[in-house]
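As structure tokens, the structure follows; a few thoughts come after it.
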Amino acid sequence: MNRKAIFRIIDHGILILVSILITIPIYWVLKTSLTGENLFNYPPSLIPKDPHIYYFVDVYYWIPFLRFFFNSVFVSFVVVVANLFFNSMAAYALRYSFPGKRLVILLYLSMMMIPFQTTIIPAFLLTKYMGLLNSYLGLAFPLSSTIINIFVFKAAFDSIPGSLFDAAVMDGMKEQTILFKIYLPLAKPAIATNIILTFVWSWNNFIWPLIIISEKEMQTLPLGLSTFLSYFENTSGQMYAFVIMVIAPIILVFFMNQRRFISGIISGAIKG
Amino acid sequence: MLIALFLAPSLVVFTIYRIIPIVWNLVLSFQRWKLIGIPRFVGFSNYLSLSQDPVFWESFRNTLSYFFGGTPIAIGAALVLSLLVNKPLKGRNLYRALIFLPYPITPVAIAIIWKWLYDEKVGLINFALRSLGITRESIGFLSSFTWALPSVIFTTIWQSLGYYVILLLAGLQTIPDELYEAAEMDGASSMRKLQWITLPLLKPSLFLCFIVGIINSFTTFDVIYVMTNGGPGNATEILVTYIYKKAFTFNEIGPAAAMTVILFLFLLLITMVSNKVSGGEAGGVHYYE
Amino acid sequence: MKLYKYFLEIIRHNVANSILIILLITTLFGWLLYVELNTDGIITGRVVDEKGTPIPEARVLIREKTLNLIKPPMVTETNQEGIFVFKDMKIIEFLINAQKEGYEAEEDVRYHLYFKGQHFTLPKPLILKKSP
């Protein structure tokens with residue numbers, strides 16, 4: 001029994017060490033945003049001395065933080081809603097057999113092989129010619145449907161018994177009604193997965209806003225962060241208050257929805 | 001008919017932002033264009049000039065270093081961690097949550113945090129190294145030619161560790177307990193159980209991690225752009241950042257498009273080869289960010 | 001109608017989360033309300049000498065500090081009790097000092113407020129030393 005206890009201590013030890021290593025950077029930033037003491041003086045201390053929220057006040061007033069926040073929230077909202085509709089509709093359509101269905105599925109699968117970064121030049125040009133530079137639509141459009149999530153919905157729909165579908169058809173229900181009133185309520189995990197995956201991707205997206213946004217007012221939070229860094233070097237406490245303000249929502253969402261988050265990531269990766 | 005209508009929105013999005021770009025990229029790679037005026041066709045000269053561009057080769061090498069340097073370590077560490085977290089230990093949910101925590105955080109924010117941790121004058125890492133007596137002088141992690149790329153790679157490992165752990169955990173949990181019980185009854189030790197049960201049955205998950213790792217190393221843009229922007233010199237320049245620079249800073253659309261074509265083909269090649277090697281697993285692949 | 005029921009069900013399934021969110025939103029609104037109702041922007045304080053005697057008719061200069069620059073000063077004078085008042089100040093961070101003939105020049109004191117228009121009384125009086 002003693003041997004087992006020793007192993008358990010080692011296991012916990014390793015995990016604790018790793019957990020500390022993982023969380024120290026985040027804790028350190030939080031501490032600096034509250035005290036600013038690690039920017040210029042050595043040696044840094046472990047516990048915040050004289051914490052204050054003045055850096056956060058600065059960020060609120062001197063950076064259009066609310067504007068950036070609104071931009072990020074609005075674009076993410078549009079992206080999530082669009083994804084829910086477009087993806088579920090596509091997955092629903094794929095339930096039917098129709099000529100060329102194999103081709104369509106092959107098409108979807110092959111388009112998953114095209115990472116966003118390999119499309120940036122033409123995507124920029126297309127956005128420009130559509131007149132969508134510096135616009136919410138331009139930001140949201142490319143992300144408004146994701147293939148992984150289509151398959152997430154498809155897997156969920158496939159597990160719904162066909163008898164339900166037949167009964168609905170016999171009742172004379174229209175397609176939209178069947179999808180939205182019957183299928184979607186039965187696919188709640190898939191909806192959650194869609195929301196989480198697309199929200200995180202849209203909120204954290206940096207390269208696309210970097211490419212199409214040149215007006216300061218239309219920047220999203222990640223872009224605002226990087227612009228701030230280039231103006232004020234990384235030795236200003238406000239920088240780290242800004243960082244905390246940007247990552248706090250996501251961390252909050254994560255801790256509130258851990259299980260769904262993680263199962264969403266898994267199903268997203270495996271289904272793909 | 002309705003089917004077409006239901007498929008339409010997503011197909012429109014993908015046509016505009018996936019199919020057309022791939023084709024147009026190819027076209028652009030054969031043109032000379034600086035965003036003004038009319039593009040001219042110049043055949044393969046963009047590819048030729050790339051082959052003579054030292055920065056191109058350096059960014060290609062760096063991308064490969066990114067992959068070969070970062071992914072095995074990350075997956076290996078994730079394997080160890082997932083095996084530990086899989087055990088019925090107290091607080092494993094907390095451990096799992098903490099390990100996964102860096103993943104959903106905005107990469108730009110992570111880049112800023114680590115850029116500061118690595119800082120030569122006020123960074124925590126240098127302070128820790130000096131106080132532990134490991135070094136006497138501060139190391140300029142992000143300004144030194146030898147340390148810059150490993151530092152950036154380490155940051156990526158830090159962030160992606162949780163993702164690999166989650167994938168491997170999911171794979172571990174599909175291994176039926178009966179196998180372990182049977183092995184124990186045969187008197188198998190932990191090492192043997194690991195070798196003959198766990199690892200072989202984890203192959204699909206490991207393969208998935210491998211693919212994810214490839215995609216990540218070829219598409220990480222945010223972290224490098226914010227931390228070093230390819231510097232010092234071109235020590236941390238990878239293909240994606242160089243493509244961005246060429247296209248949007250220098251407006252040399254032709255070479256940038258050519259590089260994109262090369263990047264895409266290379267990615268395709270690696271994915272198909274690893275697919276064959278692993279026995280035709282995963283049909284599609286997961287792209288994230 | 002159905003959407004409303006859907007919403008209600010989501011909330012019912014996530015009681016803890018919902019309570020947290022409602023708490024956050026209420027705190028936020030409470031704070032914003034408080035800020036709105038207190039935007040007089042009155043900054044006041046006293047100027048005294050080393051012994052603590054108030055100094056009347058001392059010039060007090062206040063300069064607003066933004067992230068990258070310091071603005072030109074606004075000036076007022078202390079009254080008979082050595083008290084000065086600045087009204088309608090909508091600033092976040094400022095440097096303040098007092099001057100009077102016959103007294104040594106002092107360094108700026110820096111203060112940082114929580115919101116624009118905050119009502120603020122200097123916690124410590126500005127002390128002027130008599131010139132030798």
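If you're wondering about the labels, chains in the structure tokens are A, B, ... by order shown, residues count from 1 in each chain, ligands from 1 in order shown.
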Where does DSSP see alpha helix (DSSP H) in range 189-220 of chain B, if you list the residues as a list in words?
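Of range 189-220 of chain B, only Ser190, Met191, Arg192, Lys193, Leu199, Pro200, Leu201, Lys203, Pro204, Ser205, Leu206, Phe207, Leu208, Cys209, Phe210, Ile211, Val212, Gly213, Ile214, Ile215, Asn216, Ser217, Phe218 and Thr219 of chain B fall in alpha helix (DSSP H).
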Please produce a file of those selected residues containing N, CA and C atoms, as a PDB file, in the first residue's frame.
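The resulting file, result.pdb, is shown below:
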```
ATOM      1  N   SER B 190       2.753  -2.100 -14.947  1.00  0.00           N
ATOM      2  CA  SER B 190       2.217  -0.870 -15.527  1.00  0.00           C
ATOM      3  C   SER B 190       2.879  -0.560 -16.854  1.00  0.00           C
ATOM      4  N   MET B 191       4.197  -0.743 -16.910  1.00  0.00           N
ATOM      5  CA  MET B 191       4.902  -0.424 -18.138  1.00  0.00           C
ATOM      6  C   MET B 191       4.389  -1.281 -19.282  1.00  0.00           C
ATOM      7  N   ARG B 192       4.164  -2.575 -18.969  1.00  0.00           N
ATOM      8  CA  ARG B 192       3.700  -3.444 -20.054  1.00  0.00           C
ATOM      9  C   ARG B 192       2.313  -3.055 -20.506  1.00  0.00           C
ATOM     10  N   LYS B 193       1.473  -2.713 -19.515  1.00  0.00           N
ATOM     11  CA  LYS B 193       0.123  -2.303 -19.869  1.00  0.00           C
ATOM     12  C   LYS B 193       0.179  -1.088 -20.787  1.00  0.00           C
ATOM     13  N   LEU B 199      -0.836   2.468 -25.624  1.00  0.00           N
ATOM     14  CA  LEU B 199      -0.292   3.140 -26.798  1.00  0.00           C
ATOM     15  C   LEU B 199      -0.882   2.676 -28.119  1.00  0.00           C
ATOM     16  N   PRO B 200      -0.972   1.367 -28.318  1.00  0.00           N
ATOM     17  CA  PRO B 200      -1.553   0.954 -29.607  1.00  0.00           C
ATOM     18  C   PRO B 200      -2.978   1.471 -29.800  1.00  0.00           C
ATOM     19  N   LEU B 201      -3.784   1.421 -28.712  1.00  0.00           N
ATOM     20  CA  LEU B 201      -5.169   1.852 -28.868  1.00  0.00           C
ATOM     21  C   LEU B 201      -5.297   3.367 -28.939  1.00  0.00           C
ATOM     22  N   LYS B 203      -3.467   5.100 -30.911  1.00  0.00           N
ATOM     23  CA  LYS B 203      -2.935   5.553 -32.202  1.00  0.00           C
ATOM     24  C   LYS B 203      -3.833   6.529 -32.940  1.00  0.00           C
ATOM     25  N   PRO B 204      -5.130   6.285 -33.021  1.00  0.00           N
ATOM     26  CA  PRO B 204      -5.977   7.265 -33.723  1.00  0.00           C
ATOM     27  C   PRO B 204      -5.882   8.654 -33.095  1.00  0.00           C
ATOM     28  N   SER B 205      -5.940   8.714 -31.746  1.00  0.00           N
ATOM     29  CA  SER B 205      -5.863  10.019 -31.089  1.00  0.00           C
ATOM     30  C   SER B 205      -4.516  10.665 -31.323  1.00  0.00           C
ATOM     31  N   LEU B 206      -3.452   9.863 -31.259  1.00  0.00           N
ATOM     32  CA  LEU B 206      -2.126  10.421 -31.490  1.00  0.00           C
ATOM     33  C   LEU B 206      -2.020  10.952 -32.910  1.00  0.00           C
ATOM     34  N   PHE B 207      -2.619  10.208 -33.829  1.00  0.00           N
ATOM     35  CA  PHE B 207      -2.589  10.663 -35.212  1.00  0.00           C
ATOM     36  C   PHE B 207      -3.317  11.996 -35.353  1.00  0.00           C
ATOM     37  N   LEU B 208      -4.463  12.090 -34.675  1.00  0.00           N
ATOM     38  CA  LEU B 208      -5.219  13.336 -34.700  1.00  0.00           C
ATOM     39  C   LEU B 208      -4.372  14.486 -34.163  1.00  0.00           C
ATOM     40  N   CYS B 209      -3.688  14.237 -33.047  1.00  0.00           N
ATOM     41  CA  CYS B 209      -2.822  15.271 -32.488  1.00  0.00           C
ATOM     42  C   CYS B 209      -1.746  15.669 -33.489  1.00  0.00           C
ATOM     43  N   PHE B 210      -1.219  14.678 -34.155  1.00  0.00           N
ATOM     44  CA  PHE B 210      -0.181  14.929 -35.136  1.00  0.00           C
ATOM     45  C   PHE B 210      -0.680  15.860 -36.232  1.00  0.00           C
ATOM     46  N   ILE B 211      -1.864  15.527 -36.761  1.00  0.00           N
ATOM     47  CA  ILE B 211      -2.427  16.359 -37.817  1.00  0.00           C
ATOM     48  C   ILE B 211      -2.671  17.779 -37.323  1.00  0.00           C
ATOM     49  N   VAL B 212      -3.273  17.868 -36.126  1.00  0.00           N
ATOM     50  CA  VAL B 212      -3.521  19.197 -35.555  1.00  0.00           C
ATOM     51  C   VAL B 212      -2.220  19.964 -35.418  1.00  0.00           C
ATOM     52  N   GLY B 213      -1.178  19.261 -34.983  1.00  0.00           N
ATOM     53  CA  GLY B 213       0.114  19.900 -34.823  1.00  0.00           C
ATOM     54  C   GLY B 213       0.643  20.441 -36.136  1.00  0.00           C
ATOM     55  N   ILE B 214       0.486  19.674 -37.190  1.00  0.00           N
ATOM     56  CA  ILE B 214       0.952  20.142 -38.499  1.00  0.00           C
ATOM     57  C   ILE B 214       0.223  21.414 -38.892  1.00  0.00           C
ATOM     58  N   ILE B 215      -1.096  21.350 -38.812  1.00  0.00           N
ATOM     59  CA  ILE B 215      -1.865  22.528 -39.206  1.00  0.00           C
ATOM     60  C   ILE B 215      -1.465  23.735 -38.382  1.00  0.00           C
ATOM     61  N   ASN B 216      -1.339  23.529 -37.060  1.00  0.00           N
ATOM     62  CA  ASN B 216      -0.981  24.653 -36.201  1.00  0.00           C
ATOM     63  C   ASN B 216       0.340  25.262 -36.581  1.00  0.00           C
ATOM     64  N   SER B 217       1.345  24.407 -36.847  1.00  0.00           N
ATOM     65  CA  SER B 217       2.651  24.979 -37.125  1.00  0.00           C
ATOM     66  C   SER B 217       2.669  25.680 -38.468  1.00  0.00           C
ATOM     67  N   PHE B 218       1.777  25.308 -39.354  1.00  0.00           N
ATOM     68  CA  PHE B 218       1.765  25.988 -40.635  1.00  0.00           C
ATOM     69  C   PHE B 218       0.903  27.235 -40.627  1.00  0.00           C
ATOM     70  N   THR B 219       0.029  27.364 -39.622  1.00  0.00           N
ATOM     71  CA  THR B 219      -0.896  28.479 -39.685  1.00  0.00           C
ATOM     72  C   THR B 219      -0.812  29.434 -38.496  1.00  0.00           C
TER      73      THR B 219
END
```
Spatial neighbours of Arg259 in chain A, 12 Å, only C-alpha atoms, chain gap at least 5 places, as a list of chain:residue names:
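Here the qualifying residues turn out to be A:Pro189, A:Ala192, A:Thr193, A:Ile196, A:Val253, A:Phe254, A:Gly264, A:Ile265, A:Ile266, B:Asn93, B:Leu94, B:Arg96, B:Ala97, B:Phe100, B:Ile166.
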For C-alpha atoms, I'd like the residues from the last selection saved as a PDB file, in the first residue's frame.
```pdb
ATOM      1  CA  PRO A 189     -25.411  19.442 -27.569  1.00  0.00           C
ATOM      2  CA  ALA A 192     -23.867  24.181 -27.817  1.00  0.00           C
ATOM      3  CA  THR A 193     -20.842  22.895 -29.691  1.00  0.00           C
ATOM      4  CA  ILE A 196     -18.794  27.544 -28.400  1.00  0.00           C
ATOM      5  CA  VAL A 253     -17.265  31.762 -20.247  1.00  0.00           C
ATOM      6  CA  PHE A 254     -14.814  28.883 -20.065  1.00  0.00           C
ATOM      7  CA  GLY A 264     -17.403  20.564 -27.956  1.00  0.00           C
ATOM      8  CA  ILE A 265     -13.731  20.705 -28.822  1.00  0.00           C
ATOM      9  CA  ILE A 266     -13.530  16.929 -28.821  1.00  0.00           C
TER      10      ILE A 266
ATOM     11  CA  ASN B  93     -11.215  18.045 -12.923  1.00  0.00           C
ATOM     12  CA  LEU B  94      -9.418  21.064 -11.602  1.00  0.00           C
ATOM     13  CA  ARG B  96      -7.822  19.265 -16.387  1.00  0.00           C
ATOM     14  CA  ALA B  97      -9.452  22.681 -16.363  1.00  0.00           C
ATOM     15  CA  PHE B 100      -6.793  23.423 -20.780  1.00  0.00           C
ATOM     16  CA  ILE B 166      -8.164  16.785 -24.131  1.00  0.00           C
TER      17      ILE B 166
END
```
Tell me, counting only C-alpha atoms, for each residue of chain A within 7 Å of chain B, which pair of atoms is nearest and how far apart they are in Å to one decimal, in rows ordered by chain and increasing number, as CSV.
```
residue,atom,partner,partner_atom,distance
A:Asp11,CA,B:Leu84,CA,6.4
A:Leu15,CA,B:Tyr95,CA,6.8
A:Ser19,CA,B:Leu98,CA,6.1
A:Ile22,CA,B:Ile99,CA,6.5
A:Pro25,CA,B:Ile113,CA,7.0
A:Val29,CA,B:Ile113,CA,6.8
A:Asn38,CA,B:Val122,CA,6.9
A:Leu39,CA,B:Val122,CA,5.9
A:Phe40,CA,B:Val122,CA,6.5
A:Phe86,CA,B:Ser10,CA,5.5
A:Asn87,CA,B:Ser10,CA,6.7
A:Met89,CA,B:Phe6,CA,5.0
A:Ala90,CA,B:Leu7,CA,4.6
A:Ala93,CA,B:Ile3,CA,5.1
A:Leu109,CA,B:Gly284,CA,5.8
A:Met111,CA,B:Arg18,CA,6.6
A:Met112,CA,B:Val285,CA,6.5
A:Met113,CA,B:Val285,CA,6.5
A:Ile114,CA,B:Arg18,CA,6.8
A:Pro115,CA,B:Tyr287,CA,6.3
A:Gln117,CA,B:Thr219,CA,6.3
A:Thr118,CA,B:Thr260,CA,5.6
A:Thr119,CA,B:Pro21,CA,5.3
A:Pro122,CA,B:Pro21,CA,5.0
A:Ala123,CA,B:Tyr17,CA,6.0
A:Pro142,CA,B:Tyr17,CA,6.0
A:Ser145,CA,B:Ser10,CA,5.7
A:Val200,CA,B:Pro104,CA,6.7
A:Trp201,CA,B:Glu289,CA,6.3
A:Asn204,CA,B:Thr106,CA,4.9
A:Phe206,CA,B:Asp222,CA,6.5
A:Ile207,CA,B:Asp222,CA,6.8
A:Pro222,CA,B:Val108,CA,6.0
A:Ser226,CA,B:Val226,CA,6.6
A:Asn234,CA,B:Trp116,CA,6.6
A:Val243,CA,B:Ala109,CA,5.7
A:Ile247,CA,B:Ile105,CA,6.1
A:Ile250,CA,B:Ile105,CA,6.5
A:Ile266,CA,B:Leu167,CA,6.2
A:Ala269,CA,B:His286,CA,5.4
A:Gly272,CA,B:Val285,CA,5.2
```
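Near Gly102 in chain C, within 10 Å and counting only C-alpha atoms, sit Gln99, Ala105, Leu128, Lys129, Lys130, Ser131 and Pro132 of chain C, not including residues fewer than 3 positions from it in the same chain.
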In terms of the shortest atom-to-atom distance over only C-alpha atoms, which of B:Phe44, B:Phe145, B:Phe266, B:Phe250 is closest to Gly230 in chain B?
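Selected residue with least distance to Gly230 in chain B: B:Phe145.
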Could you tell me which residues of chain A sit within 12 Å of chain C when counting only C-alpha atoms, and give me the result as a PyMOL selection string?
chain A and resi 52-63+180-181+184-185+188+192+228+231-233+236-239+249+252-258
Just the residues within 10 Å of Tyr111 in chain C, please, counting only C-alpha atoms, with nothing from its chain fewer than 3 positions along; format it as a PDB file with N, CA and C atoms, in the first residue's frame.
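Listed below is the output, selection.pdb:
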```
ATOM      1  N   GLU C  64      -3.907  68.325 -15.974  1.00  0.00           N
ATOM      2  CA  GLU C  64      -4.425  67.007 -16.316  1.00  0.00           C
ATOM      3  C   GLU C  64      -3.347  66.172 -16.981  1.00  0.00           C
ATOM      4  N   LYS C  65      -3.311  64.889 -16.636  1.00  0.00           N
ATOM      5  CA  LYS C  65      -2.329  63.995 -17.228  1.00  0.00           C
ATOM      6  C   LYS C  65      -3.047  62.909 -18.031  1.00  0.00           C
ATOM      7  N   ILE C  92      -9.109  62.381 -15.213  1.00  0.00           N
ATOM      8  CA  ILE C  92      -8.849  61.095 -14.576  1.00  0.00           C
ATOM      9  C   ILE C  92      -7.610  61.135 -13.705  1.00  0.00           C
ATOM     10  N   GLU C  93      -6.570  61.760 -14.230  1.00  0.00           N
ATOM     11  CA  GLU C  93      -5.310  61.774 -13.491  1.00  0.00           C
ATOM     12  C   GLU C  93      -4.755  63.187 -13.540  1.00  0.00           C
ATOM     13  N   PHE C  94      -4.196  63.657 -12.449  1.00  0.00           N
ATOM     14  CA  PHE C  94      -3.687  65.029 -12.499  1.00  0.00           C
ATOM     15  C   PHE C  94      -2.509  65.236 -11.559  1.00  0.00           C
ATOM     16  N   LEU C  95      -1.774  66.324 -11.869  1.00  0.00           N
ATOM     17  CA  LEU C  95      -0.686  66.779 -11.009  1.00  0.00           C
ATOM     18  C   LEU C  95      -1.129  68.089 -10.385  1.00  0.00           C
ATOM     19  N   ILE C  96      -0.850  68.249  -9.128  1.00  0.00           N
ATOM     20  CA  ILE C  96      -1.325  69.468  -8.457  1.00  0.00           C
ATOM     21  C   ILE C  96      -0.233  70.015  -7.554  1.00  0.00           C
ATOM     22  N   ASP C 108       5.080  68.593  -7.767  1.00  0.00           N
ATOM     23  CA  ASP C 108       3.700  68.191  -8.030  1.00  0.00           C
ATOM     24  C   ASP C 108       3.353  66.950  -7.215  1.00  0.00           C
ATOM     25  N   PHE C 120     -13.724  64.879  -5.536  1.00  0.00           N
ATOM     26  CA  PHE C 120     -12.497  64.447  -4.876  1.00  0.00           C
ATOM     27  C   PHE C 120     -11.970  65.501  -3.929  1.00  0.00           C
ATOM     28  N   LEU C 122      -8.664  66.310  -1.585  1.00  0.00           N
ATOM     29  CA  LEU C 122      -7.304  65.840  -1.385  1.00  0.00           C
ATOM     30  C   LEU C 122      -7.160  65.217   0.000  1.00  0.00           C
ATOM     31  N   PRO C 123      -6.674  63.993   0.072  1.00  0.00           N
ATOM     32  CA  PRO C 123      -6.553  63.348   1.381  1.00  0.00           C
ATOM     33  C   PRO C 123      -5.539  64.027   2.288  1.00  0.00           C
TER      34      PRO C 123
END
```
Go through B:Pro255, B:Trp196, B:Thr236, B:Phe56 and flag the residue nearest Val27 in chain B, using only C-alpha atoms for the distances.
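Using only C-alpha atoms, Val27 in chain B sits closest to B:Pro255.
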To test your reading of the structure, identify every residue in range 28-161 of chain B that backbone DSSP assigns to strand (DSSP E), and report it as a PyMOL selection string.
chain B and resi 31-32+40-41
Selected residues written out, N, CA and C atoms, as a tab-separated table (two decimals), in the first residue's frame:
```tsv
chain	number	residue	atom	x	y	z
B	31	GLN	N	1.12	36.06	-61.82
B	31	GLN	CA	1.01	37.44	-62.28
B	31	GLN	C	1.96	38.34	-61.53
B	32	ARG	N	2.17	39.50	-62.11
B	32	ARG	CA	2.91	40.52	-61.39
B	32	ARG	C	1.93	41.65	-61.10
B	40	ARG	N	-0.10	41.70	-64.65
B	40	ARG	CA	0.48	41.16	-65.88
B	40	ARG	C	0.84	39.71	-65.67
B	41	PHE	N	0.70	38.93	-66.70
B	41	PHE	CA	1.10	37.53	-66.59
B	41	PHE	C	2.60	37.39	-66.79
```
